[in-house]
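Coordinates as given in upload.pdb (PDB, C-alpha atoms):
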```pdb
ATOM      1  CA  MET A   1      -3.542  65.417 101.148
ATOM      2  CA  ASP A   2      -5.474  63.130  98.809
ATOM      3  CA  GLY A   3      -8.430  64.232  96.696
ATOM      4  CA  ALA A   4     -11.014  62.289  98.697
ATOM      5  CA  THR A   5      -9.930  63.899 101.963
ATOM      6  CA  THR A   6      -9.847  67.379 100.432
ATOM      7  CA  THR A   7     -13.295  67.051  98.892
ATOM      8  CA  GLN A   8     -14.689  65.824 102.194
ATOM      9  CA  GLN A   9     -13.210  68.821 103.995
ATOM     10  CA  ILE A  10     -14.737  71.232 101.470
ATOM     11  CA  GLY A  11     -18.146  69.757 102.184
ATOM     12  CA  TYR A  12     -21.354  69.426 100.245
ATOM     13  CA  GLY A  13     -22.269  72.986  99.299
ATOM     14  CA  THR A  14     -23.230  74.069  95.808
ATOM     15  CA  GLY A  15     -20.739  73.631  92.996
ATOM     16  CA  ARG A  16     -20.022  77.344  93.093
ATOM     17  CA  GLU A  17     -19.328  77.334  96.835
ATOM     18  CA  ARG A  18     -17.096  74.279  96.564
ATOM     19  CA  LEU A  19     -15.093  75.854  93.745
ATOM     20  CA  LEU A  20     -14.621  79.051  95.755
ATOM     21  CA  GLU A  21     -13.439  77.103  98.784
ATOM     22  CA  ALA A  22     -11.127  74.928  96.685
ATOM     23  CA  ALA A  23      -9.616  77.995  95.002
ATOM     24  CA  ARG A  24      -9.124  79.668  98.405
ATOM     25  CA  GLU A  25      -7.373  76.587  99.755
ATOM     26  CA  GLN A  26      -5.036  76.375  96.787
ATOM     27  CA  LEU A  27      -4.221  80.092  96.881
ATOM     28  CA  ILE A  28      -3.294  79.732 100.546
ATOM     29  CA  GLU A  29      -1.204  76.603  99.974
ATOM     30  CA  THR A  30       0.707  78.023  97.001
ATOM     31  CA  GLY A  31       1.016  81.578  98.292
ATOM     32  CA  GLY A  32      -1.031  83.103  95.495
ATOM     33  CA  ASP A  33      -1.606  80.787  92.527
ATOM     34  CA  PHE A  34      -3.993  78.049  91.450
ATOM     35  CA  ASP A  35      -4.650  75.696  88.564
ATOM     36  CA  VAL A  36      -8.251  75.327  87.383
ATOM     37  CA  GLU A  37      -7.970  71.573  86.858
ATOM     38  CA  GLU A  38      -6.612  71.083  90.362
ATOM     39  CA  VAL A  39      -9.299  73.364  91.805
ATOM     40  CA  ALA A  40     -12.053  71.382  90.075
ATOM     41  CA  ALA A  41     -10.575  68.072  91.252
ATOM     42  CA  ARG A  42     -10.252  69.387  94.803
ATOM     43  CA  ALA A  43     -13.879  70.535  94.740
ATOM     44  CA  GLY A  44     -15.007  67.216  93.277
ATOM     45  CA  VAL A  45     -16.760  68.860  90.327
ATOM     46  CA  SER A  46     -16.316  69.144  86.581
ATOM     47  CA  LYS A  47     -13.960  71.855  85.293
ATOM     48  CA  SER A  48     -16.822  73.073  83.080
ATOM     49  CA  LEU A  49     -18.530  74.410  86.240
ATOM     50  CA  ILE A  50     -15.791  77.023  86.504
ATOM     51  CA  TRP A  51     -16.796  78.442  83.132
ATOM     52  CA  ARG A  52     -20.489  78.175  84.003
ATOM     53  CA  HIS A  53     -20.241  80.018  87.308
ATOM     54  CA  PHE A  54     -17.278  82.352  86.784
ATOM     55  CA  GLY A  55     -16.655  82.638  83.038
ATOM     56  CA  ASN A  56     -12.953  81.792  83.278
ATOM     57  CA  ARG A  57     -10.030  81.439  85.681
ATOM     58  CA  ALA A  58      -9.812  85.205  86.216
ATOM     59  CA  GLY A  59     -13.493  85.294  87.128
ATOM     60  CA  LEU A  60     -12.978  82.638  89.790
ATOM     61  CA  LEU A  61      -9.975  84.491  91.192
ATOM     62  CA  GLU A  62     -11.917  87.750  91.254
ATOM     63  CA  ALA A  63     -14.783  86.102  93.142
ATOM     64  CA  VAL A  64     -12.395  84.752  95.793
ATOM     65  CA  VAL A  65     -10.587  88.080  96.212
ATOM     66  CA  GLN A  66     -13.801  90.124  96.284
ATOM     67  CA  ASP A  67     -15.194  87.797  98.946
ATOM     68  CA  PHE A  68     -12.111  88.490 101.077
ATOM     69  CA  TRP A  69     -12.548  92.265 100.691
ATOM     70  CA  ASP A  70     -16.253  91.968 101.530
ATOM     71  CA  GLY A  71     -15.257  90.411 104.854
ATOM     72  CA  TYR A  72     -12.650  93.143 105.359
ATOM     73  CA  ASP A  73     -15.264  95.850 104.771
ATOM     74  CA  GLU A  74     -17.799  94.159 107.022
ATOM     75  CA  THR A  75     -15.232  94.154 109.821
ATOM     76  CA  LEU A  76     -14.948  97.953 109.567
ATOM     77  CA  ALA A  77     -18.710  98.597 109.725
ATOM     78  CA  ASP A  78     -20.002 100.928 112.444
ATOM     79  CA  ALA A  79     -22.605  98.326 113.394
ATOM     80  CA  ASN A  80     -19.837  96.099 114.791
ATOM     81  CA  LEU A  81     -18.505  98.742 117.186
ATOM     82  CA  THR A  82     -19.460  99.677 120.738
ATOM     83  CA  PRO A  83     -22.499 102.010 120.641
ATOM     84  CA  ASP A  84     -22.083 105.542 121.991
ATOM     85  CA  ALA A  85     -18.271 105.280 122.301
ATOM     86  CA  ASP A  86     -16.406 108.529 121.692
ATOM     87  CA  TRP A  87     -14.619 109.031 118.388
ATOM     88  CA  GLY A  88     -11.177 107.929 119.526
ATOM     89  CA  ALA A  89     -12.363 104.844 121.394
ATOM     90  CA  ARG A  90     -14.506 103.785 118.444
ATOM     91  CA  GLU A  91     -11.673 104.157 115.929
ATOM     92  CA  ARG A  92      -9.215 102.335 118.168
ATOM     93  CA  GLU A  93     -11.739  99.510 118.428
ATOM     94  CA  ARG A  94     -12.253  99.516 114.651
ATOM     95  CA  LEU A  95      -8.519  99.187 114.087
ATOM     96  CA  GLY A  96      -8.296  96.350 116.602
ATOM     97  CA  ARG A  97     -11.073  94.480 114.820
ATOM     98  CA  LEU A  98      -9.272  94.933 111.509
ATOM     99  CA  VAL A  99      -6.003  93.612 112.941
ATOM    100  CA  ASP A 100      -7.843  90.574 114.337
ATOM    101  CA  PHE A 101      -9.540  89.925 110.989
ATOM    102  CA  LEU A 102      -6.271  90.071 109.048
ATOM    103  CA  LEU A 103      -4.245  88.005 111.502
ATOM    104  CA  ASP A 104      -6.959  85.333 111.644
ATOM    105  CA  HIS A 105      -7.702  85.152 107.891
ATOM    106  CA  PRO A 106      -5.332  82.711 106.153
ATOM    107  CA  LEU A 107      -5.864  84.399 102.787
ATOM    108  CA  ALA A 108      -4.874  87.871 104.038
ATOM    109  CA  PRO A 109      -1.118  87.618 103.303
ATOM    110  CA  VAL A 110      -1.898  86.485  99.752
ATOM    111  CA  VAL A 111      -4.471  89.162  98.973
ATOM    112  CA  LEU A 112      -2.583  92.026 100.610
ATOM    113  CA  GLY A 113       0.740  90.789  99.289
ATOM    114  CA  HIS A 114       0.301  89.393  95.790
ATOM    115  CA  VAL A 115      -1.580  86.968  93.583
ATOM    116  CA  GLU A 116       0.627  85.230  91.035
ATOM    117  CA  GLY A 117      -0.321  85.267  87.366
ATOM    118  CA  ASP A 118      -3.135  87.808  87.726
ATOM    119  CA  ALA A 119      -1.319  90.803  89.153
ATOM    120  CA  ALA A 120      -3.141  93.340  86.983
ATOM    121  CA  LEU A 121      -6.597  92.102  88.012
ATOM    122  CA  HIS A 122      -5.517  91.966  91.649
ATOM    123  CA  ARG A 123      -4.181  95.540  91.554
ATOM    124  CA  VAL A 124      -7.431  96.846  90.076
ATOM    125  CA  ILE A 125      -9.543  95.158  92.766
ATOM    126  CA  LYS A 126      -7.269  96.349  95.580
ATOM    127  CA  ALA A 127      -7.116  99.896  94.220
ATOM    128  CA  GLU A 128     -10.907 100.099  94.012
ATOM    129  CA  ARG A 129     -11.320  98.843  97.566
ATOM    130  CA  LEU A 130      -8.727 101.268  98.914
ATOM    131  CA  LYS A 131     -10.531 104.155  97.199
ATOM    132  CA  ARG A 132     -13.693 103.138  99.042
ATOM    133  CA  HIS A 133     -11.795 102.959 102.327
ATOM    134  CA  ILE A 134     -10.327 106.420 101.787
ATOM    135  CA  ARG A 135     -13.788 107.890 101.101
ATOM    136  CA  PHE A 136     -15.142 106.167 104.211
ATOM    137  CA  ALA A 137     -12.208 107.424 106.314
ATOM    138  CA  ALA A 138     -12.637 110.990 105.040
ATOM    139  CA  ARG A 139     -16.318 110.981 106.037
ATOM    140  CA  ASN A 140     -15.347 109.568 109.408
ATOM    141  CA  ILE A 141     -12.689 112.244 109.954
ATOM    142  CA  ARG A 142     -15.233 114.959 109.101
ATOM    143  CA  ARG A 143     -17.534 113.413 111.679
ATOM    144  CA  GLY A 144     -14.744 113.735 114.247
ATOM    145  CA  GLN A 145     -14.120 117.333 113.170
ATOM    146  CA  LYS A 146     -17.806 118.158 113.498
ATOM    147  CA  SER A 147     -17.846 116.755 117.027
ATOM    148  CA  GLY A 148     -14.832 118.880 117.918
ATOM    149  CA  GLN A 149     -12.500 115.942 118.597
ATOM    150  CA  ILE A 150     -10.297 116.434 115.519
ATOM    151  CA  ASP A 151      -8.592 119.621 114.351
ATOM    152  CA  LYS A 152     -10.902 121.306 111.818
ATOM    153  CA  SER A 153      -7.929 122.726 109.891
ATOM    154  CA  LEU A 154      -6.942 119.266 108.643
ATOM    155  CA  ASP A 155      -7.874 118.368 105.064
ATOM    156  CA  ALA A 156     -10.019 115.268 105.638
ATOM    157  CA  ASP A 157      -9.482 113.819 102.153
ATOM    158  CA  LEU A 158      -5.695 114.153 102.178
ATOM    159  CA  VAL A 159      -5.384 112.921 105.740
ATOM    160  CA  ALA A 160      -7.668 109.954 104.985
ATOM    161  CA  ALA A 161      -5.485 108.982 102.009
ATOM    162  CA  MET A 162      -2.346 109.158 104.157
ATOM    163  CA  ILE A 163      -3.898 107.124 106.952
ATOM    164  CA  ILE A 164      -5.440 104.407 104.768
ATOM    165  CA  GLY A 165      -2.314 104.092 102.634
ATOM    166  CA  GLY A 166      -0.070 103.949 105.685
ATOM    167  CA  VAL A 167      -2.245 101.504 107.612
ATOM    168  CA  HIS A 168      -2.520  99.247 104.571
ATOM    169  CA  GLN A 169       1.235  99.195 104.015
ATOM    170  CA  ALA A 170       1.997  98.662 107.703
ATOM    171  CA  LEU A 171      -0.442  95.760 108.027
ATOM    172  CA  THR A 172       0.768  94.207 104.767
ATOM    173  CA  LEU A 173       4.336  94.330 106.055
ATOM    174  CA  ALA A 174       3.309  92.793 109.378
ATOM    175  CA  LEU A 175       1.404  89.974 107.663
ATOM    176  CA  THR A 176       4.183  89.077 105.249
ATOM    177  CA  GLU A 177       7.004  89.067 107.798
ATOM    178  CA  SER A 178       8.178  85.613 108.883
ATOM    179  CA  ARG A 179       7.688  86.649 112.514
ATOM    180  CA  ARG A 180       4.463  88.542 113.044
ATOM    181  CA  PRO A 181       4.110  91.100 115.847
ATOM    182  CA  GLY A 182       1.529  90.429 118.550
ATOM    183  CA  ARG A 183      -2.010  91.746 118.073
ATOM    184  CA  LYS A 184      -1.898  94.368 120.797
ATOM    185  CA  ARG A 185       1.570  95.546 119.881
ATOM    186  CA  LEU A 186       0.603  95.865 116.210
ATOM    187  CA  THR A 187      -2.672  97.636 116.974
ATOM    188  CA  ASP A 188      -1.018 100.025 119.428
ATOM    189  CA  ALA A 189       1.789 100.903 117.013
ATOM    190  CA  VAL A 190      -0.567 101.612 114.115
ATOM    191  CA  TRP A 191      -3.001 103.565 116.305
ATOM    192  CA  GLN A 192      -0.214 105.767 117.655
ATOM    193  CA  SER A 193       0.742 106.684 114.082
ATOM    194  CA  VAL A 194      -2.876 107.381 113.123
ATOM    195  CA  ALA A 195      -3.401 109.533 116.235
ATOM    196  CA  ALA A 196      -0.230 111.491 115.465
ATOM    197  CA  ILE A 197      -1.431 112.312 111.937
ATOM    198  CA  LEU A 198      -4.791 113.423 113.309
ATOM    199  CA  ARG A 199      -3.189 115.332 116.222
ATOM    200  CA  PHE A 200      -5.388 113.200 118.424
ATOM    201  CA  PRO A 201      -4.289 111.949 121.883
ATOM    202  CA  SER A 202      -3.248 108.298 121.560
TER     203      SER A 202
END
```
Would you write out, as structure tokens, the structure that this file holds?
Amino acid sequence: MDGATTTQQIGYGTGRERLLEAAREQLIETGGDFDVEEVAARAGVSKSLIWRHFGNRAGLLEAVVQDFWDGYDETLADANLTPDADWGARERERLGRLVDFLLDHPLAPVVLGHVEGDAALHRVIKAERLKRHIRFAARNIRRGQKSGQIDKSLDADLVAAMIIGGVHQALTLALTESRRPGRKRLTDAVWQSVAAILRFPS
């Protein structure tokens, strides 16, 4: 793909937006790495804009990865789910939306799998996001316990950590396999495991 075609595909957004899109494209193409000079050329802007907007290469990578996780978190939001659904139906729907998001997002295998050259930064970002997801899941489990749909004897924090860690690992494996399972099959398999941990009918 030549530079003119690539720049045209990226479009005419701000320099910052074009750099983010160019970095995303290169991360996807390479499986987790990018070169700042190539990113700038792809975006059709000066390399100095990377330093102006992001400070350095790591700052650009962090912005791309954080943007991915923002979309991930938005997918999980209660506002996206069917109103007034019972706890189990709502959580099954939430999981299905997450599976759809990950299977449809071309950057998902890179972010959930690895990012070359900046592994330490990537691990810190992922660890922070997973901590948030565990806290969110624990609150959600307590909500189910309060409604009487989940066993009150379960430790919500420990169970949330097991569920989030397990779901994350299972979805990462599914995304990085050469042959991905179908959406329904993947969602059903993960939900059955979650329901078993929660002693909730699947």
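Closest approach to A:Leu173 from the set A:Gly32, A:Ala89, A:Val110, A:Ala196 is made by A:Val110, with distances taken over only C-alpha atoms.
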Applied to the shown file, which residues does the PyMOL selection byres ((chain A and resi 19) around 10) return, written as a PDB file with C-alpha atoms, in the frame of the given file?
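Ended up saving to selection.pdb:
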```pdb
ATOM      1  CA  ILE A  10     -14.737  71.232 101.470  1.00  0.00           C
ATOM      2  CA  GLY A  13     -22.269  72.986  99.299  1.00  0.00           C
ATOM      3  CA  THR A  14     -23.230  74.069  95.808  1.00  0.00           C
ATOM      4  CA  GLY A  15     -20.739  73.631  92.996  1.00  0.00           C
ATOM      5  CA  ARG A  16     -20.022  77.344  93.093  1.00  0.00           C
ATOM      6  CA  GLU A  17     -19.328  77.334  96.835  1.00  0.00           C
ATOM      7  CA  ARG A  18     -17.096  74.279  96.564  1.00  0.00           C
ATOM      8  CA  LEU A  20     -14.621  79.051  95.755  1.00  0.00           C
ATOM      9  CA  GLU A  21     -13.439  77.103  98.784  1.00  0.00           C
ATOM     10  CA  ALA A  22     -11.127  74.928  96.685  1.00  0.00           C
ATOM     11  CA  ALA A  23      -9.616  77.995  95.002  1.00  0.00           C
ATOM     12  CA  ARG A  24      -9.124  79.668  98.405  1.00  0.00           C
ATOM     13  CA  GLU A  25      -7.373  76.587  99.755  1.00  0.00           C
ATOM     14  CA  VAL A  36      -8.251  75.327  87.383  1.00  0.00           C
ATOM     15  CA  VAL A  39      -9.299  73.364  91.805  1.00  0.00           C
ATOM     16  CA  ALA A  40     -12.053  71.382  90.075  1.00  0.00           C
ATOM     17  CA  ALA A  41     -10.575  68.072  91.252  1.00  0.00           C
ATOM     18  CA  ARG A  42     -10.252  69.387  94.803  1.00  0.00           C
ATOM     19  CA  ALA A  43     -13.879  70.535  94.740  1.00  0.00           C
ATOM     20  CA  GLY A  44     -15.007  67.216  93.277  1.00  0.00           C
ATOM     21  CA  VAL A  45     -16.760  68.860  90.327  1.00  0.00           C
ATOM     22  CA  SER A  46     -16.316  69.144  86.581  1.00  0.00           C
ATOM     23  CA  LYS A  47     -13.960  71.855  85.293  1.00  0.00           C
ATOM     24  CA  LEU A  49     -18.530  74.410  86.240  1.00  0.00           C
ATOM     25  CA  ILE A  50     -15.791  77.023  86.504  1.00  0.00           C
ATOM     26  CA  HIS A  53     -20.241  80.018  87.308  1.00  0.00           C
ATOM     27  CA  PHE A  54     -17.278  82.352  86.784  1.00  0.00           C
ATOM     28  CA  LEU A  60     -12.978  82.638  89.790  1.00  0.00           C
ATOM     29  CA  VAL A  64     -12.395  84.752  95.793  1.00  0.00           C
TER      30      VAL A  64
END
```
Take the PyMOL selection byres ((chain A and resi 183) around 9), apply it to the structure above, and return the hits as JSON, numbers by chain. {"A": [96, 99, 100, 103, 180, 181, 182, 184, 185, 186, 187, 188]}
Those same residues - C-alpha atoms - I'd like them written as a compact mmCIF listing (two decimals), in the coordinates of the input.
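result02.txt, freshly written:
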```
# COMPACT_ATOMS: atom_id res chain seq x y z
CA GLY A 96 -8.30 96.35 116.60
CA VAL A 99 -6.00 93.61 112.94
CA ASP A 100 -7.84 90.57 114.34
CA LEU A 103 -4.24 88.00 111.50
CA ARG A 180 4.46 88.54 113.04
CA PRO A 181 4.11 91.10 115.85
CA GLY A 182 1.53 90.43 118.55
CA LYS A 184 -1.90 94.37 120.80
CA ARG A 185 1.57 95.55 119.88
CA LEU A 186 0.60 95.86 116.21
CA THR A 187 -2.67 97.64 116.97
CA ASP A 188 -1.02 100.02 119.43
```
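Closest to A:Asp78 among A:Ala137, A:Ile28, A:Ser48, A:Leu175 is A:Ala137, based on all atoms listed in the file.
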Taking 6 positions as the minimum chain separation for residues in the same chain, which residues sit within 9 Å of A:Leu81 when counting all atoms listed in the file? Answer as a list in words. Arg90, Glu91, Glu93, Arg94 and Arg97 of chain A
Run through the PyMOL selection byres ((chain A and resi 160) around 8) on the given coordinates and return the selected residues as an NGL selection string. :A and (134-135 or 137-138 or 141 or 156-159 or 161-164)
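For the residues A:Arg199, A:His105, A:Arg52, A:His122, ranking by smallest atom-to-atom distance to A:Gln145 using only C-alpha atoms places A:Arg199 first.
Among the candidates A:Ser193, A:Ser153, A:Thr30, A:Thr82, the residue lying nearest to A:Ala170 is A:Ser193 (atoms considered: all atoms listed in the file).
Residue nearest A:Ala63, chosen from A:Leu198, A:Ile150, A:Ala189, A:Ile125 and counting all atoms listed in the file: A:Ile125.
Counting from atom CA of A:Arg57, the distance to atom CA of A:Trp69 is 18.7 Å.
A straight line drawn from atom CA of A:Glu37 to atom CA of A:Asp67 is 21.5 Å long.
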If I take atom CA of A:Ala85 and atom CA of A:His133, how far is one from the other in Å, to one decimal? 21.1 Å
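Of the residues under consideration (A:Gly144, A:Val194, A:Leu107, A:Leu171), A:Leu107 shows the shortest atom-to-atom contact distance to A:Gln66 when counting only C-alpha atoms.
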Working from the structure I just supplied, which lacks atoms in stretch 133-164 of chain A, can you model N, CA and C atoms there and output them as an mmCIF file, in the coordinates of the input?
```
data_model
loop_
_atom_site.group_PDB
_atom_site.id
_atom_site.type_symbol
_atom_site.label_atom_id
_atom_site.label_comp_id
_atom_site.auth_asym_id
_atom_site.auth_seq_id
_atom_site.Cartn_x
_atom_site.Cartn_y
_atom_site.Cartn_z
ATOM 1 N N HIS A 133 -12.223 102.789 100.938
ATOM 2 C CA HIS A 133 -11.795 102.959 102.327
ATOM 3 C C HIS A 133 -11.359 104.395 102.593
ATOM 4 N N ILE A 134 -10.732 105.017 101.621
ATOM 5 C CA ILE A 134 -10.327 106.420 101.787
ATOM 6 C C ILE A 134 -11.555 107.317 101.880
ATOM 7 N N ARG A 135 -12.557 107.081 101.035
ATOM 8 C CA ARG A 135 -13.788 107.890 101.101
ATOM 9 C C ARG A 135 -14.482 107.700 102.452
ATOM 10 N N PHE A 136 -14.523 106.461 102.914
ATOM 11 C CA PHE A 136 -15.142 106.167 104.211
ATOM 12 C C PHE A 136 -14.373 106.871 105.331
ATOM 13 N N ALA A 137 -13.035 106.799 105.276
ATOM 14 C CA ALA A 137 -12.208 107.424 106.314
ATOM 15 C C ALA A 137 -12.367 108.936 106.312
ATOM 16 N N ALA A 138 -12.467 109.536 105.126
ATOM 17 C CA ALA A 138 -12.637 110.990 105.040
ATOM 18 C C ALA A 138 -13.953 111.418 105.683
ATOM 19 N N ARG A 139 -15.023 110.666 105.403
ATOM 20 C CA ARG A 139 -16.318 110.981 106.037
ATOM 21 C C ARG A 139 -16.215 110.837 107.546
ATOM 22 N N ASN A 140 -15.499 109.821 107.978
ATOM 23 C CA ASN A 140 -15.347 109.568 109.408
ATOM 24 C C ASN A 140 -14.535 110.675 110.084
ATOM 25 N N ILE A 141 -13.498 111.147 109.407
ATOM 26 C CA ILE A 141 -12.689 112.244 109.954
ATOM 27 C C ILE A 141 -13.542 113.515 110.062
ATOM 28 N N ARG A 142 -14.347 113.775 109.048
ATOM 29 C CA ARG A 142 -15.233 114.959 109.101
ATOM 30 C C ARG A 142 -16.211 114.843 110.263
ATOM 31 N N ARG A 143 -16.643 113.625 110.542
ATOM 32 C CA ARG A 143 -17.534 113.413 111.679
ATOM 33 C C ARG A 143 -16.822 113.774 112.975
ATOM 34 N N GLY A 144 -15.531 113.375 113.070
ATOM 35 C CA GLY A 144 -14.744 113.735 114.247
ATOM 36 C C GLY A 144 -14.491 115.223 114.336
ATOM 37 N N GLN A 145 -14.307 115.882 113.184
ATOM 38 C CA GLN A 145 -14.120 117.333 113.170
ATOM 39 C C GLN A 145 -15.398 118.042 113.605
ATOM 40 N N LYS A 146 -16.518 117.548 113.140
ATOM 41 C CA LYS A 146 -17.806 118.158 113.498
ATOM 42 C C LYS A 146 -18.073 118.045 114.993
ATOM 43 N N SER A 147 -17.625 116.949 115.592
ATOM 44 C CA SER A 147 -17.846 116.755 117.027
ATOM 45 C C SER A 147 -16.830 117.511 117.869
ATOM 46 N N GLY A 148 -15.836 118.109 117.209
ATOM 47 C CA GLY A 148 -14.832 118.880 117.918
ATOM 48 C C GLY A 148 -13.667 118.071 118.444
ATOM 49 N N GLN A 149 -13.572 116.793 118.091
ATOM 50 C CA GLN A 149 -12.500 115.942 118.597
ATOM 51 C C GLN A 149 -11.271 115.912 117.693
ATOM 52 N N ILE A 150 -11.414 116.391 116.459
ATOM 53 C CA ILE A 150 -10.297 116.434 115.519
ATOM 54 C C ILE A 150 -10.145 117.855 114.995
ATOM 55 N N ASP A 151 -8.919 118.280 114.835
ATOM 56 C CA ASP A 151 -8.592 119.621 114.351
ATOM 57 C C ASP A 151 -9.310 119.922 113.029
ATOM 58 N N LYS A 152 -10.119 120.974 113.008
ATOM 59 C CA LYS A 152 -10.902 121.306 111.818
ATOM 60 C C LYS A 152 -10.044 121.829 110.672
ATOM 61 N N SER A 153 -8.788 122.212 110.957
ATOM 62 C CA SER A 153 -7.929 122.726 109.891
ATOM 63 C C SER A 153 -7.353 121.618 109.012
ATOM 64 N N LEU A 154 -7.466 120.372 109.429
ATOM 65 C CA LEU A 154 -6.942 119.266 108.643
ATOM 66 C C LEU A 154 -7.803 119.025 107.403
ATOM 67 N N ASP A 155 -7.165 118.731 106.289
ATOM 68 C CA ASP A 155 -7.874 118.368 105.064
ATOM 69 C C ASP A 155 -8.268 116.896 105.176
ATOM 70 N N ALA A 156 -9.552 116.628 105.357
ATOM 71 C CA ALA A 156 -10.019 115.268 105.638
ATOM 72 C C ALA A 156 -9.661 114.293 104.523
ATOM 73 N N ASP A 157 -9.759 114.725 103.265
ATOM 74 C CA ASP A 157 -9.482 113.819 102.153
ATOM 75 C C ASP A 157 -8.000 113.437 102.088
ATOM 76 N N LEU A 158 -7.129 114.432 102.226
ATOM 77 C CA LEU A 158 -5.695 114.153 102.178
ATOM 78 C C LEU A 158 -5.251 113.311 103.375
ATOM 79 N N VAL A 159 -5.748 113.663 104.537
ATOM 80 C CA VAL A 159 -5.384 112.921 105.740
ATOM 81 C C VAL A 159 -5.893 111.478 105.647
ATOM 82 N N ALA A 160 -7.110 111.301 105.136
ATOM 83 C CA ALA A 160 -7.668 109.954 104.985
ATOM 84 C C ALA A 160 -6.800 109.116 104.053
ATOM 85 N N ALA A 161 -6.341 109.716 102.945
ATOM 86 C CA ALA A 161 -5.485 108.982 102.009
ATOM 87 C C ALA A 161 -4.174 108.571 102.673
ATOM 88 N N MET A 162 -3.591 109.479 103.464
ATOM 89 C CA MET A 162 -2.346 109.158 104.157
ATOM 90 C C MET A 162 -2.549 108.044 105.170
ATOM 91 N N ILE A 163 -3.644 108.119 105.918
ATOM 92 C CA ILE A 163 -3.898 107.124 106.952
ATOM 93 C C ILE A 163 -4.168 105.758 106.334
ATOM 94 N N ILE A 164 -5.085 105.700 105.368
ATOM 95 C CA ILE A 164 -5.440 104.407 104.768
ATOM 96 C C ILE A 164 -4.242 103.791 104.067
#
```
